[in-house]
Amino acid sequence: MTGRTFFDPRTAESLSVWLTRAEIREGLWFSLPFLGVLTVHEFGHYFTARYYKVRATLPYYIPFFTGFFNTIGTFGAVIRIKDRIFSRKEFFDIGLAGPLAGFLVAIPVLMYGFTHLPPLEYLFQVHPEYRVYGADYAQYVYKSADGGGLVLGKSLIYQFLESWLADPALLPHPNELMHYPVLLAGSLALFFTALNLLPIGQLDGGHILYGLLGFQRANQVSAILFIGFIFYAGLGLFTVDSSNDSLLYGGPIYLLYLFTVFRRAVPTPRRALMLVLGVLAAQLALSLAVPGIEGNPGWLVFGFLLGRVMGIYHPPAPDESPLSAGRKVLGWVMLAIFVLCFTPSPFG
């Protein structure tokens, strides 16, 4: 180690040209717990892989600066497994360790956020125009559910912790969550945990599903879940009442999308086409039976990554020995955690 100081005060001075000290502090209150959860998640995979003598890289953090993710600055983190995994047990343990470790850190982060909510004066300093309305500001500022700003869907575990720990008088309106960095970090940590726990393909949840059910049954379930995932994502995008222009210009693009993501789910192009038509017909029928029903088109992007990049099927391991009873229980617990953390519409 050299004699230089680890932190140069001039760095803070240069940052303060672009950001105020309050903004820097608020950014750290968000980034440290959020990146902390991602780091713990990935090191859960890493150390379990090393335990099984499977070579793996240290975590890579994926920067992303477009649209919503300009707000959080990252699209998550990954490690790269550099050796073949030889058993269902190893796949299961390595896949499960990350989301379990991340979840066990995300919950205390949220608990801290709910038990340390600042007084309303904090929000009035951010929005001085709200002060005149007092605690009832939301009734006047937000005339509809679409108030602008970032709105995160509330998962079941988020709703439970909110009702158990938070003072209702201090809870922010959903549109103001951006100004509560610890709550934002905790809710996003749950979102990324749920995303990884989707029981499809080679996501962490797919590894868990493979460990529980074995190669054939896990891939059958994975394919069904993937089709259901795409069905929900595109639900309501086109209906029998859609305009001619929408059908003429958007319809062919959507059909091409469905064919592209389903092509690797079935063995032949003909079956892929039949699956496309079946999903589209079912979506139109459900939209007709339940007017106004909608899925979440934002999931279509992730569906494309699953269908064309990551894959929806899990590879077999040389050792297909079943898991122990304890691991099976833990696997079903993790799938229950997925249900608790997942929200069909995470961003509004």
# chains A, B, ... in the order shown; residues from 1 in each chain; ligands from 1

$ residues_around --residues "A:Gln283" --least-positions-apart "4" --cutoff "8 Å" --atoms "only C-alpha atoms" --output "compact mmCIF listing (two decimals) with N, CA and C atoms, in the first residue's frame"
# COMPACT_ATOMS: atom_id res chain seq x y z
N PHE A 231 -48.23 -15.54 -22.95
CA PHE A 231 -49.68 -15.33 -23.06
C PHE A 231 -50.11 -14.15 -22.20
N GLY A 234 -48.73 -10.56 -23.49
CA GLY A 234 -49.38 -9.96 -24.65
C GLY A 234 -50.88 -9.85 -24.53
N LEU A 235 -51.45 -10.24 -23.39
CA LEU A 235 -52.90 -10.23 -23.21
C LEU A 235 -53.44 -8.81 -23.29
N GLY A 236 -54.43 -8.61 -24.16
CA GLY A 236 -55.04 -7.30 -24.31
C GLY A 236 -54.33 -6.38 -25.28
N THR A 239 -57.27 -6.83 -29.49
CA THR A 239 -58.59 -7.36 -29.19
C THR A 239 -59.45 -7.27 -30.44
N VAL A 279 -52.20 -19.38 -29.21
CA VAL A 279 -52.05 -18.35 -28.19
C VAL A 279 -52.81 -17.10 -28.57
N SER A 287 -60.02 -11.80 -24.09
CA SER A 287 -60.31 -10.36 -24.14
C SER A 287 -61.77 -10.10 -24.44

$ residues_around --residues "A:Tyr130" --least-positions-apart "5" --cutoff "10 Å" --atoms "only C-alpha atoms" --output "PyMOL selection string"
chain A and resi 120-121+123-125+135-138+140-141

$ write_last_selection --atoms "N, CA, C and O atoms" --output "mmCIF file, in the first residue's frame"
data_model
loop_
_atom_site.group_PDB
_atom_site.id
_atom_site.type_symbol
_atom_site.label_atom_id
_atom_site.label_comp_id
_atom_site.auth_asym_id
_atom_site.auth_seq_id
_atom_site.Cartn_x
_atom_site.Cartn_y
_atom_site.Cartn_z
ATOM 1 N N LEU A 120 -43.159 13.910 7.232
ATOM 2 C CA LEU A 120 -43.650 14.501 5.985
ATOM 3 C C LEU A 120 -42.858 15.737 5.583
ATOM 4 O O LEU A 120 -42.798 16.086 4.409
ATOM 5 N N GLU A 121 -42.249 16.388 6.550
ATOM 6 C CA GLU A 121 -41.446 17.570 6.244
ATOM 7 C C GLU A 121 -40.354 17.248 5.233
ATOM 8 O O GLU A 121 -39.987 18.090 4.405
ATOM 9 N N LEU A 123 -40.584 15.163 2.679
ATOM 10 C CA LEU A 123 -41.177 15.206 1.341
ATOM 11 C C LEU A 123 -41.500 16.639 0.943
ATOM 12 O O LEU A 123 -41.354 17.009 -0.229
ATOM 13 N N PHE A 124 -41.913 17.464 1.906
ATOM 14 C CA PHE A 124 -42.241 18.858 1.588
ATOM 15 C C PHE A 124 -40.990 19.651 1.214
ATOM 16 O O PHE A 124 -41.077 20.661 0.507
ATOM 17 N N GLN A 125 -39.839 19.216 1.687
ATOM 18 C CA GLN A 125 -38.602 19.857 1.253
ATOM 19 C C GLN A 125 -38.290 19.510 -0.197
ATOM 20 O O GLN A 125 -37.713 20.315 -0.925
ATOM 21 N N ALA A 135 -50.883 16.451 5.070
ATOM 22 C CA ALA A 135 -50.838 14.995 4.946
ATOM 23 C C ALA A 135 -51.744 14.473 3.840
ATOM 24 O O ALA A 135 -51.584 13.334 3.387
ATOM 25 N N ASP A 136 -52.683 15.288 3.375
ATOM 26 C CA ASP A 136 -53.616 14.865 2.324
ATOM 27 C C ASP A 136 -53.144 15.269 0.937
ATOM 28 O O ASP A 136 -53.949 15.377 0.006
ATOM 29 N N TYR A 137 -51.840 15.503 0.787
ATOM 30 C CA TYR A 137 -51.330 16.009 -0.492
ATOM 31 C C TYR A 137 -51.703 15.128 -1.678
ATOM 32 O O TYR A 137 -51.980 15.610 -2.770
ATOM 33 N N ALA A 138 -51.737 13.802 -1.463
ATOM 34 C CA ALA A 138 -51.975 12.886 -2.577
ATOM 35 C C ALA A 138 -53.355 13.098 -3.194
ATOM 36 O O ALA A 138 -53.542 12.910 -4.403
ATOM 37 N N TYR A 140 -54.822 15.788 -3.772
ATOM 38 C CA TYR A 140 -54.850 16.978 -4.615
ATOM 39 C C TYR A 140 -53.802 16.915 -5.728
ATOM 40 O O TYR A 140 -54.025 17.424 -6.825
ATOM 41 N N VAL A 141 -52.663 16.307 -5.424
ATOM 42 C CA VAL A 141 -51.572 16.270 -6.402
ATOM 43 C C VAL A 141 -51.849 15.233 -7.481
ATOM 44 O O VAL A 141 -51.594 15.464 -8.666
#

$ closest_atom_pairs --of "stretch 222-303 of chain A" --to "stretch 209-216 of chain A" --cutoff "12 Å" --atoms "only C-alpha atoms" --output "CSV"
residue,atom,partner,partner_atom,distance
A:Ser222,CA,A:Leu209,CA,8.3
A:Ala223,CA,A:Gln216,CA,10.9
A:Leu225,CA,A:Leu209,CA,11.5

$ write_last_selection --atoms "all heavy atoms" --output "short mmCIF file (atom, residue, chain, number, x, y, z; two decimals), in the first residue's frame"
data_model
loop_
_atom_site.label_atom_id
_atom_site.label_comp_id
_atom_site.auth_asym_id
_atom_site.auth_seq_id
_atom_site.Cartn_x
_atom_site.Cartn_y
_atom_site.Cartn_z
N SER A 222 -41.38 -26.14 -17.57
CA SER A 222 -40.76 -24.90 -18.00
C SER A 222 -41.40 -24.39 -19.29
O SER A 222 -41.68 -23.19 -19.43
CB SER A 222 -39.25 -25.11 -18.20
OG SER A 222 -38.63 -23.92 -18.66
N ALA A 223 -41.63 -25.30 -20.24
CA ALA A 223 -42.25 -24.89 -21.51
C ALA A 223 -43.66 -24.36 -21.29
O ALA A 223 -44.07 -23.34 -21.87
CB ALA A 223 -42.27 -26.07 -22.47
N LEU A 225 -44.89 -23.03 -18.52
CA LEU A 225 -44.80 -21.74 -17.83
C LEU A 225 -44.36 -20.63 -18.79
O LEU A 225 -44.84 -19.50 -18.69
CB LEU A 225 -43.83 -21.84 -16.66
CG LEU A 225 -44.29 -22.71 -15.49
CD1 LEU A 225 -43.18 -22.82 -14.44
CD2 LEU A 225 -45.56 -22.15 -14.85
#

$ residues_around --residues "A:Pro33" --least-positions-apart "3" --cutoff "8 Å" --atoms "only C-alpha atoms" --output "ChimeraX atom specification"
/A:29-30,36-37,109,182,185-186

$ closest_residue --among "A:Phe86, A:Pro174, A:Val78, A:Ala22" --to "A:Tyr142" --atoms "only C-alpha atoms"
A:Pro174

$ closest_residue --among "A:His207, A:Gly113, A:Leu284, A:Phe229" --to "A:Asp241" --atoms "only C-alpha atoms"
A:Leu284

$ residues_around --residues "stretch 92-105 of chain A" --least-positions-apart "2" --cutoff "7 Å" --atoms "only C-alpha atoms" --output "PyMOL selection string"
chain A and resi 37-38+40-45+48-49+88-90+107-109+193+204+207-208+211

$ closest_residue --among "A:Ile227, A:Leu247, A:Ile81, A:Ile157" --to "A:Phe259" --atoms "only C-alpha atoms"
A:Ile227

$ select_by_dssp --residues "stretch 98-309 of chain A" --states "helix (DSSP H, G or I)" --output "ChimeraX atom specification"
/A:98-115,120-126,128-141,156-165,174-179,181-197,204-213,215-234,244-262,269-289,299-309

$ residues_around --residues "A:Leu117" --least-positions-apart "6" --cutoff "8 Å" --atoms "only C-alpha atoms" --output "list in words"
Ala166, Asp167, Leu170 and Leu171 of chain A

$ write_last_selection --atoms "all heavy atoms" --output "PDB file, in the first residue's frame"
ATOM      1  N   ALA A 166     -44.869  -0.291   8.935  1.00  0.00           N
ATOM      2  CA  ALA A 166     -44.850   1.128   8.571  1.00  0.00           C
ATOM      3  C   ALA A 166     -45.947   1.919   9.283  1.00  0.00           C
ATOM      4  O   ALA A 166     -47.039   1.405   9.536  1.00  0.00           O
ATOM      5  CB  ALA A 166     -44.998   1.279   7.063  1.00  0.00           C
ATOM      6  N   ASP A 167     -45.635   3.164   9.594  1.00  0.00           N
ATOM      7  CA  ASP A 167     -46.627   4.111  10.107  1.00  0.00           C
ATOM      8  C   ASP A 167     -47.411   4.640   8.905  1.00  0.00           C
ATOM      9  O   ASP A 167     -46.843   5.312   8.048  1.00  0.00           O
ATOM     10  CB  ASP A 167     -45.910   5.256  10.822  1.00  0.00           C
ATOM     11  CG  ASP A 167     -46.871   6.275  11.400  1.00  0.00           C
ATOM     12  OD1 ASP A 167     -48.080   6.219  11.087  1.00  0.00           O
ATOM     13  OD2 ASP A 167     -46.413   7.148  12.171  1.00  0.00           O
ATOM     14  N   LEU A 170     -46.909   8.123   7.586  1.00  0.00           N
ATOM     15  CA  LEU A 170     -45.619   8.505   7.003  1.00  0.00           C
ATOM     16  C   LEU A 170     -45.359   7.817   5.660  1.00  0.00           C
ATOM     17  O   LEU A 170     -44.375   8.160   4.995  1.00  0.00           O
ATOM     18  CB  LEU A 170     -44.481   8.159   7.973  1.00  0.00           C
ATOM     19  CG  LEU A 170     -44.534   8.821   9.345  1.00  0.00           C
ATOM     20  CD1 LEU A 170     -43.342   8.380  10.182  1.00  0.00           C
ATOM     21  CD2 LEU A 170     -44.549  10.341   9.202  1.00  0.00           C
ATOM     22  N   LEU A 171     -46.203   6.868   5.292  1.00  0.00           N
ATOM     23  CA  LEU A 171     -45.977   6.159   4.030  1.00  0.00           C
ATOM     24  C   LEU A 171     -46.091   7.114   2.850  1.00  0.00           C
ATOM     25  O   LEU A 171     -47.036   7.894   2.762  1.00  0.00           O
ATOM     26  CB  LEU A 171     -46.996   5.035   3.866  1.00  0.00           C
ATOM     27  CG  LEU A 171     -46.688   3.714   4.563  1.00  0.00           C
ATOM     28  CD1 LEU A 171     -47.885   2.774   4.456  1.00  0.00           C
ATOM     29  CD2 LEU A 171     -45.450   3.068   3.962  1.00  0.00           C
TER      30      LEU A 171
END
